[in-house]
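Q: Supplied structure: work_33.cif, mmCIF, N, CA and C atoms.
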```cif
data_target
loop_
_atom_site.label_atom_id
_atom_site.label_comp_id
_atom_site.auth_asym_id
_atom_site.auth_seq_id
_atom_site.Cartn_x
_atom_site.Cartn_y
_atom_site.Cartn_z
N MET A 3 183.26 151.80 52.24
CA MET A 3 184.34 151.88 53.21
C MET A 3 183.78 152.43 54.52
N SER A 4 184.19 151.87 55.60
CA SER A 4 183.72 152.29 56.92
C SER A 4 184.49 153.52 57.39
N HIS A 5 183.78 154.41 58.07
CA HIS A 5 184.42 155.60 58.62
C HIS A 5 184.13 155.68 60.11
N ILE A 6 185.04 156.27 60.86
CA ILE A 6 184.79 156.48 62.28
C ILE A 6 183.96 157.73 62.44
N GLU A 7 183.59 158.08 63.66
CA GLU A 7 182.64 159.15 63.94
C GLU A 7 183.01 160.50 63.32
N ASN A 8 184.27 160.85 63.26
CA ASN A 8 184.64 162.16 62.72
C ASN A 8 184.79 162.15 61.20
N GLY A 9 184.44 161.03 60.55
CA GLY A 9 184.46 160.96 59.10
C GLY A 9 185.77 160.46 58.51
N ARG A 10 186.78 160.23 59.33
CA ARG A 10 188.07 159.76 58.84
C ARG A 10 188.02 158.25 58.63
N ALA A 11 188.82 157.77 57.72
CA ALA A 11 188.93 156.33 57.48
C ALA A 11 189.64 155.69 58.67
N PRO A 12 189.27 154.47 59.04
CA PRO A 12 189.91 153.81 60.18
C PRO A 12 191.42 153.68 60.02
N GLU A 13 191.90 153.57 58.79
CA GLU A 13 193.34 153.41 58.57
C GLU A 13 194.12 154.65 58.97
N THR A 14 193.48 155.83 58.94
CA THR A 14 194.19 157.08 59.26
C THR A 14 193.85 157.60 60.65
N ALA A 15 192.98 156.92 61.36
CA ALA A 15 192.57 157.38 62.70
C ALA A 15 193.63 157.02 63.73
N SER A 16 193.68 157.81 64.78
CA SER A 16 194.62 157.53 65.86
C SER A 16 194.08 156.38 66.71
N VAL A 17 194.95 155.81 67.52
CA VAL A 17 194.54 154.73 68.42
C VAL A 17 193.46 155.22 69.37
N ALA A 18 193.60 156.42 69.88
CA ALA A 18 192.61 156.98 70.81
C ALA A 18 191.25 157.10 70.13
N GLU A 19 191.25 157.55 68.87
CA GLU A 19 189.99 157.67 68.14
C GLU A 19 189.37 156.29 67.90
N LEU A 20 190.20 155.32 67.55
CA LEU A 20 189.69 153.96 67.32
C LEU A 20 189.13 153.35 68.60
N VAL A 21 189.84 153.53 69.71
CA VAL A 21 189.36 153.01 70.99
C VAL A 21 188.05 153.70 71.37
N GLY A 22 187.99 155.01 71.20
CA GLY A 22 186.76 155.74 71.51
C GLY A 22 185.60 155.29 70.66
N THR A 23 185.85 155.10 69.37
CA THR A 23 184.79 154.64 68.46
C THR A 23 184.34 153.23 68.83
N THR A 24 185.30 152.37 69.10
CA THR A 24 184.96 150.99 69.48
C THR A 24 184.14 150.97 70.76
N THR A 25 184.55 151.77 71.74
CA THR A 25 183.82 151.84 73.00
C THR A 25 182.39 152.33 72.78
N GLU A 26 182.24 153.36 71.96
CA GLU A 26 180.91 153.91 71.69
C GLU A 26 180.05 152.88 70.96
N GLN A 27 180.63 152.19 69.99
CA GLN A 27 179.87 151.19 69.24
C GLN A 27 179.47 150.02 70.13
N LEU A 28 180.37 149.59 70.99
CA LEU A 28 180.05 148.50 71.91
C LEU A 28 178.95 148.92 72.87
N SER A 29 179.03 150.15 73.36
CA SER A 29 178.00 150.67 74.26
C SER A 29 176.65 150.71 73.56
N ARG A 30 176.64 151.18 72.32
CA ARG A 30 175.39 151.25 71.54
C ARG A 30 174.83 149.84 71.32
N LEU A 31 175.71 148.89 71.01
CA LEU A 31 175.29 147.51 70.80
C LEU A 31 174.64 146.94 72.05
N VAL A 32 175.27 147.16 73.20
CA VAL A 32 174.73 146.66 74.46
C VAL A 32 173.37 147.29 74.76
N ARG A 33 173.24 148.61 74.53
CA ARG A 33 171.95 149.28 74.76
C ARG A 33 170.86 148.72 73.86
N GLU A 34 171.19 148.53 72.59
CA GLU A 34 170.19 148.00 71.64
C GLU A 34 169.80 146.57 71.99
N GLU A 35 170.76 145.76 72.39
CA GLU A 35 170.45 144.39 72.80
C GLU A 35 169.58 144.39 74.04
N ALA A 36 169.85 145.30 74.97
CA ALA A 36 169.03 145.40 76.19
C ALA A 36 167.60 145.81 75.84
N LYS A 37 167.46 146.77 74.92
CA LYS A 37 166.12 147.19 74.49
C LYS A 37 165.37 146.02 73.87
N LEU A 38 166.05 145.27 73.02
CA LEU A 38 165.44 144.11 72.38
C LEU A 38 165.01 143.08 73.42
N ALA A 39 165.85 142.85 74.41
CA ALA A 39 165.52 141.89 75.46
C ALA A 39 164.29 142.34 76.25
N VAL A 40 164.19 143.64 76.53
CA VAL A 40 163.03 144.17 77.27
C VAL A 40 161.76 143.99 76.46
N VAL A 41 161.80 144.34 75.17
CA VAL A 41 160.62 144.20 74.32
C VAL A 41 160.19 142.73 74.24
N GLU A 42 161.16 141.85 74.07
CA GLU A 42 160.85 140.43 73.99
C GLU A 42 160.27 139.92 75.31
N ALA A 43 160.84 140.34 76.42
CA ALA A 43 160.35 139.91 77.73
C ALA A 43 158.94 140.43 77.99
N GLN A 44 158.65 141.65 77.56
CA GLN A 44 157.31 142.20 77.75
C GLN A 44 156.27 141.39 76.98
N GLY A 45 156.59 141.02 75.76
CA GLY A 45 155.66 140.21 74.96
C GLY A 45 155.43 138.86 75.59
N LYS A 46 156.50 138.25 76.06
CA LYS A 46 156.35 136.94 76.71
C LYS A 46 155.59 137.06 78.02
N ALA A 47 155.81 138.14 78.76
CA ALA A 47 155.12 138.32 80.03
C ALA A 47 153.61 138.46 79.81
N LYS A 48 153.22 139.16 78.75
CA LYS A 48 151.79 139.30 78.45
C LYS A 48 151.17 137.94 78.15
N ARG A 49 151.87 137.14 77.34
CA ARG A 49 151.35 135.81 77.02
C ARG A 49 151.32 134.92 78.26
N LEU A 50 152.35 135.03 79.09
CA LEU A 50 152.37 134.24 80.33
C LEU A 50 151.24 134.65 81.26
N GLY A 51 150.97 135.94 81.36
CA GLY A 51 149.88 136.42 82.21
C GLY A 51 148.53 135.89 81.75
N ALA A 52 148.29 135.95 80.44
CA ALA A 52 147.03 135.44 79.91
C ALA A 52 146.92 133.93 80.15
N GLY A 53 148.00 133.23 79.92
CA GLY A 53 148.01 131.78 80.14
C GLY A 53 147.79 131.43 81.60
N ALA A 54 148.41 132.19 82.50
CA ALA A 54 148.24 131.94 83.93
C ALA A 54 146.79 132.17 84.35
N GLY A 55 146.17 133.21 83.81
CA GLY A 55 144.76 133.46 84.12
C GLY A 55 143.87 132.32 83.67
N MET A 56 144.12 131.81 82.48
CA MET A 56 143.32 130.68 81.98
C MET A 56 143.57 129.43 82.81
N LEU A 57 144.82 129.20 83.20
CA LEU A 57 145.11 128.04 84.05
C LEU A 57 144.44 128.17 85.41
N GLY A 58 144.39 129.37 85.95
CA GLY A 58 143.69 129.59 87.22
C GLY A 58 142.22 129.27 87.11
N ALA A 59 141.59 129.73 86.03
CA ALA A 59 140.17 129.43 85.82
C ALA A 59 139.96 127.93 85.64
N ALA A 60 140.87 127.28 84.92
CA ALA A 60 140.76 125.84 84.73
C ALA A 60 140.91 125.10 86.07
N ALA A 61 141.78 125.60 86.94
CA ALA A 61 141.96 124.97 88.25
C ALA A 61 140.69 125.08 89.09
N VAL A 62 140.05 126.25 89.06
CA VAL A 62 138.80 126.43 89.82
C VAL A 62 137.73 125.47 89.30
N LEU A 63 137.59 125.39 87.98
CA LEU A 63 136.61 124.47 87.40
C LEU A 63 136.97 123.02 87.70
N GLY A 64 138.26 122.72 87.68
CA GLY A 64 138.71 121.37 88.01
C GLY A 64 138.35 120.99 89.44
N LEU A 65 138.46 121.94 90.37
CA LEU A 65 138.06 121.65 91.75
C LEU A 65 136.56 121.36 91.85
N ALA A 66 135.77 122.09 91.07
CA ALA A 66 134.33 121.83 91.06
C ALA A 66 134.05 120.43 90.52
N VAL A 67 134.76 120.03 89.47
CA VAL A 67 134.60 118.69 88.91
C VAL A 67 135.02 117.64 89.93
N LEU A 68 136.14 117.88 90.61
CA LEU A 68 136.60 116.94 91.63
C LEU A 68 135.56 116.78 92.73
N GLY A 69 134.97 117.88 93.16
CA GLY A 69 133.92 117.80 94.18
C GLY A 69 132.74 116.97 93.72
N ALA A 70 132.34 117.16 92.47
CA ALA A 70 131.22 116.38 91.93
C ALA A 70 131.58 114.90 91.84
N LEU A 71 132.82 114.60 91.44
CA LEU A 71 133.23 113.20 91.36
C LEU A 71 133.31 112.55 92.74
N VAL A 72 133.78 113.29 93.72
CA VAL A 72 133.82 112.76 95.09
C VAL A 72 132.40 112.47 95.58
N ALA A 73 131.49 113.40 95.33
CA ALA A 73 130.09 113.18 95.73
C ALA A 73 129.51 111.97 95.02
N ALA A 74 129.83 111.81 93.74
CA ALA A 74 129.33 110.66 92.99
C ALA A 74 129.90 109.35 93.54
N ALA A 75 131.19 109.35 93.89
CA ALA A 75 131.81 108.14 94.45
C ALA A 75 131.19 107.78 95.79
N ILE A 76 130.98 108.77 96.64
CA ILE A 76 130.36 108.51 97.95
C ILE A 76 128.95 107.99 97.75
N THR A 77 128.20 108.60 96.85
CA THR A 77 126.82 108.17 96.59
C THR A 77 126.79 106.75 96.05
N ALA A 78 127.71 106.41 95.15
CA ALA A 78 127.74 105.06 94.59
C ALA A 78 128.06 104.04 95.67
N LEU A 79 129.04 104.33 96.52
CA LEU A 79 129.37 103.40 97.60
C LEU A 79 128.25 103.31 98.63
N ALA A 80 127.49 104.38 98.78
CA ALA A 80 126.39 104.39 99.76
C ALA A 80 125.28 103.43 99.37
N LEU A 81 125.28 102.96 98.14
CA LEU A 81 124.28 101.97 97.73
C LEU A 81 124.51 100.63 98.42
N VAL A 82 125.77 100.35 98.79
CA VAL A 82 126.09 99.07 99.42
C VAL A 82 126.65 99.21 100.83
N LEU A 83 127.01 100.41 101.24
CA LEU A 83 127.58 100.66 102.57
C LEU A 83 126.85 101.84 103.19
N PRO A 84 126.99 102.01 104.49
CA PRO A 84 126.45 103.22 105.10
C PRO A 84 127.16 104.46 104.53
N VAL A 85 126.47 105.59 104.52
CA VAL A 85 127.03 106.82 103.95
C VAL A 85 128.33 107.20 104.64
N TRP A 86 128.39 107.09 105.97
CA TRP A 86 129.61 107.47 106.68
C TRP A 86 130.79 106.61 106.24
N ALA A 87 130.57 105.32 106.01
CA ALA A 87 131.65 104.43 105.57
C ALA A 87 132.09 104.78 104.15
N SER A 88 131.13 105.11 103.31
CA SER A 88 131.44 105.50 101.93
C SER A 88 132.32 106.75 101.93
N ALA A 89 131.93 107.74 102.72
CA ALA A 89 132.69 108.99 102.80
C ALA A 89 134.09 108.73 103.35
N LEU A 90 134.21 107.86 104.33
CA LEU A 90 135.50 107.54 104.92
C LEU A 90 136.42 106.85 103.90
N ILE A 91 135.89 105.94 103.13
CA ILE A 91 136.69 105.23 102.12
C ILE A 91 137.19 106.21 101.05
N VAL A 92 136.29 107.06 100.56
CA VAL A 92 136.69 108.03 99.54
C VAL A 92 137.72 109.01 100.09
N ALA A 93 137.53 109.47 101.33
CA ALA A 93 138.49 110.39 101.95
C ALA A 93 139.86 109.73 102.11
N ALA A 94 139.88 108.46 102.50
CA ALA A 94 141.15 107.75 102.65
C ALA A 94 141.86 107.62 101.30
N ALA A 95 141.11 107.31 100.25
CA ALA A 95 141.71 107.19 98.92
C ALA A 95 142.30 108.54 98.48
N LEU A 96 141.57 109.62 98.74
CA LEU A 96 142.08 110.95 98.39
C LEU A 96 143.32 111.31 99.20
N ALA A 97 143.35 110.92 100.48
CA ALA A 97 144.51 111.20 101.33
C ALA A 97 145.74 110.47 100.82
N VAL A 98 145.58 109.22 100.41
CA VAL A 98 146.70 108.46 99.87
C VAL A 98 147.22 109.12 98.58
N ALA A 99 146.29 109.50 97.70
CA ALA A 99 146.69 110.15 96.44
C ALA A 99 147.42 111.47 96.72
N ALA A 100 146.92 112.25 97.69
CA ALA A 100 147.56 113.52 98.04
C ALA A 100 148.96 113.28 98.60
N GLY A 101 149.12 112.27 99.43
CA GLY A 101 150.43 111.95 100.00
C GLY A 101 151.44 111.55 98.94
N VAL A 102 151.02 110.69 98.02
CA VAL A 102 151.92 110.25 96.95
C VAL A 102 152.33 111.43 96.08
N LEU A 103 151.36 112.26 95.69
CA LEU A 103 151.68 113.44 94.86
C LEU A 103 152.58 114.41 95.61
N GLY A 104 152.35 114.58 96.91
CA GLY A 104 153.20 115.46 97.70
C GLY A 104 154.65 114.98 97.75
N LEU A 105 154.84 113.69 97.95
CA LEU A 105 156.20 113.14 97.97
C LEU A 105 156.88 113.26 96.61
N LEU A 106 156.14 112.97 95.54
CA LEU A 106 156.71 113.11 94.20
C LEU A 106 157.07 114.56 93.90
N GLY A 107 156.21 115.48 94.31
CA GLY A 107 156.48 116.90 94.09
C GLY A 107 157.70 117.37 94.85
N ARG A 108 157.82 116.95 96.10
CA ARG A 108 158.98 117.34 96.91
C ARG A 108 160.28 116.81 96.29
N THR A 109 160.25 115.57 95.81
CA THR A 109 161.43 114.99 95.16
C THR A 109 161.81 115.77 93.91
N SER A 110 160.80 116.13 93.13
CA SER A 110 161.05 116.89 91.90
C SER A 110 161.64 118.26 92.21
N ILE A 111 161.13 118.93 93.23
CA ILE A 111 161.64 120.25 93.60
C ILE A 111 163.08 120.16 94.09
N ARG A 112 163.38 119.15 94.87
CA ARG A 112 164.76 118.99 95.36
C ARG A 112 165.74 118.76 94.22
N LYS A 113 165.30 118.04 93.18
CA LYS A 113 166.18 117.79 92.03
C LYS A 113 166.42 119.06 91.23
N GLY A 114 165.47 120.00 91.27
CA GLY A 114 165.59 121.23 90.50
C GLY A 114 166.25 122.37 91.24
N SER A 115 166.66 122.16 92.47
CA SER A 115 167.24 123.23 93.28
C SER A 115 168.76 123.09 93.32
N PRO A 116 169.48 124.16 93.36
CA PRO A 116 169.06 125.55 93.19
C PRO A 116 168.82 125.85 91.71
N PRO A 117 167.93 126.80 91.44
CA PRO A 117 167.59 127.08 90.04
C PRO A 117 168.61 127.98 89.35
N ILE A 118 169.78 127.42 89.09
CA ILE A 118 170.85 128.18 88.44
C ILE A 118 170.81 127.89 86.94
N PRO A 119 170.77 128.91 86.11
CA PRO A 119 170.77 128.68 84.66
C PRO A 119 172.17 128.27 84.19
N GLU A 120 172.46 126.99 84.25
CA GLU A 120 173.81 126.50 83.99
C GLU A 120 174.28 126.78 82.57
N GLN A 121 173.41 126.60 81.58
CA GLN A 121 173.80 126.84 80.19
C GLN A 121 174.11 128.31 79.95
N ALA A 122 173.29 129.20 80.51
CA ALA A 122 173.53 130.63 80.33
C ALA A 122 174.85 131.03 80.99
N ALA A 123 175.13 130.49 82.17
CA ALA A 123 176.39 130.80 82.85
C ALA A 123 177.58 130.31 82.03
N ALA A 124 177.45 129.14 81.44
CA ALA A 124 178.53 128.61 80.60
C ALA A 124 178.74 129.49 79.37
N ASN A 125 177.65 129.96 78.78
CA ASN A 125 177.76 130.85 77.62
C ASN A 125 178.47 132.15 77.98
N VAL A 126 178.15 132.72 79.14
CA VAL A 126 178.80 133.96 79.56
C VAL A 126 180.29 133.72 79.79
N ARG A 127 180.64 132.61 80.43
CA ARG A 127 182.06 132.31 80.64
C ARG A 127 182.79 132.17 79.30
N GLU A 128 182.14 131.53 78.34
CA GLU A 128 182.74 131.37 77.01
C GLU A 128 182.91 132.73 76.32
N ASP A 129 181.90 133.59 76.42
CA ASP A 129 181.99 134.93 75.82
C ASP A 129 183.14 135.72 76.43
N VAL A 130 183.27 135.67 77.74
CA VAL A 130 184.35 136.40 78.42
C VAL A 130 185.71 135.87 77.96
N ALA A 131 185.83 134.56 77.82
CA ALA A 131 187.10 133.98 77.37
C ALA A 131 187.44 134.44 75.96
N VAL A 132 186.45 134.48 75.08
CA VAL A 132 186.69 134.93 73.70
C VAL A 132 187.10 136.40 73.68
N ILE A 133 186.43 137.23 74.47
CA ILE A 133 186.77 138.66 74.53
C ILE A 133 188.19 138.85 75.05
N LYS A 134 188.56 138.11 76.10
CA LYS A 134 189.91 138.23 76.65
C LYS A 134 190.95 137.79 75.62
N GLU A 135 190.65 136.70 74.91
CA GLU A 135 191.59 136.20 73.90
C GLU A 135 191.79 137.23 72.79
N ARG A 136 190.71 137.82 72.33
CA ARG A 136 190.82 138.81 71.25
C ARG A 136 191.46 140.10 71.73
N ALA A 137 191.28 140.44 72.99
CA ALA A 137 191.89 141.65 73.54
C ALA A 137 193.40 141.51 73.63
N GLN A 138 193.90 140.29 73.79
CA GLN A 138 195.34 140.06 73.90
C GLN A 138 196.05 140.11 72.56
N ARG A 139 195.31 140.05 71.47
CA ARG A 139 195.93 140.05 70.13
C ARG A 139 196.48 141.39 69.77
#
```
Spit out the file's structure as structure tokens when you get a sec.
A:
Amino acid sequence: MSHIENGRAPETASVAELVGTTTEQLSRLVREEAKLAVVEAQGKAKRLGAGAGMLGAAAVLGLAVLGALVAAAITALALVLPVWASALIVAAALAVAAGVLGLLGRTSIRKGSPPIPEQAAANVREDVAVIKERAQR
């Protein structure tokens, strides 16, 4: 059988005692949920930080690979064209690729803005409605 804070059974407790107990329990629940959220967020942040560091290193190495590939493309074209023409052709191809990626990126960002967590907001509205409904009973 459940007892309120002063050891009395809920059936014999006054309304004030029940409200006080409910308020205290709700407050404790919110604090514990907040602690859990913080612990979970810290763990995820550590993993995200490590992943971001690895992605940064991969990006640096990727740039080195890109430079080597550009040099190889210019050198290959230089077998049949002057070096300046080879470099110009490769630079133009890279400029076109950069432009296309830039436009695609801008379009993607516009579709994602503003970054409002719509599902979370809907869940909160639903929770508030349920609490209001139960409070009216």
Q: What does the distance between atom C of Val92 (chain A) and atom N of Leu71 (chain A) come to in Å, to one decimal place?
A: 11.4 Å
Q: Hey, what does DSSP flag as alpha helix (DSSP H) within chain A? Can you give it to me as JSON, numbers by chain?
A: {"A": [17, 18, 19, 20, 21, 22, 23, 24, 25, 26, 27, 28, 29, 30, 31, 32, 33, 34, 35, 36, 37, 38, 39, 40, 41, 42, 43, 44, 45, 46, 47, 48, 49, 50, 51, 52, 53, 54, 55, 56, 57, 58, 59, 60, 61, 62, 63, 64, 65, 66, 67, 68, 69, 70, 71, 72, 73, 74, 75, 76, 77, 78, 79, 85, 86, 87, 88, 89, 90, 91, 92, 93, 94, 95, 96, 97, 98, 99, 100, 101, 102, 103, 104, 105, 106, 107, 108, 109, 110, 111, 112, 113, 120, 121, 122, 123, 124, 125, 126, 127, 128, 129, 130, 131, 132, 133, 134, 135, 136, 137]}
Q: Would you kindly return, as a VMD selection string, each protein, DNA or RNA residue with an atom no farther than 7 Å from any atom of Ala75 (chain A), considering all atoms listed in the file and excluding same-chain residues fewer than 3 positions away?
A: chain A and resid 70 to 72 78 to 80 88 to 89 92
Q: Enclose region 109-114 of chain A, meaning all of its atoms listed in the file, in a box aligned along x, y and z, pad it by 4 Å on each side, and list the centre and edge lengths in Å to one decimal, as JSON.
A:
```
{"center_x": 163.3, "center_y": 118.7, "center_z": 93.2, "size_x": 14.2, "size_y": 15.4, "size_z": 13.3}
```
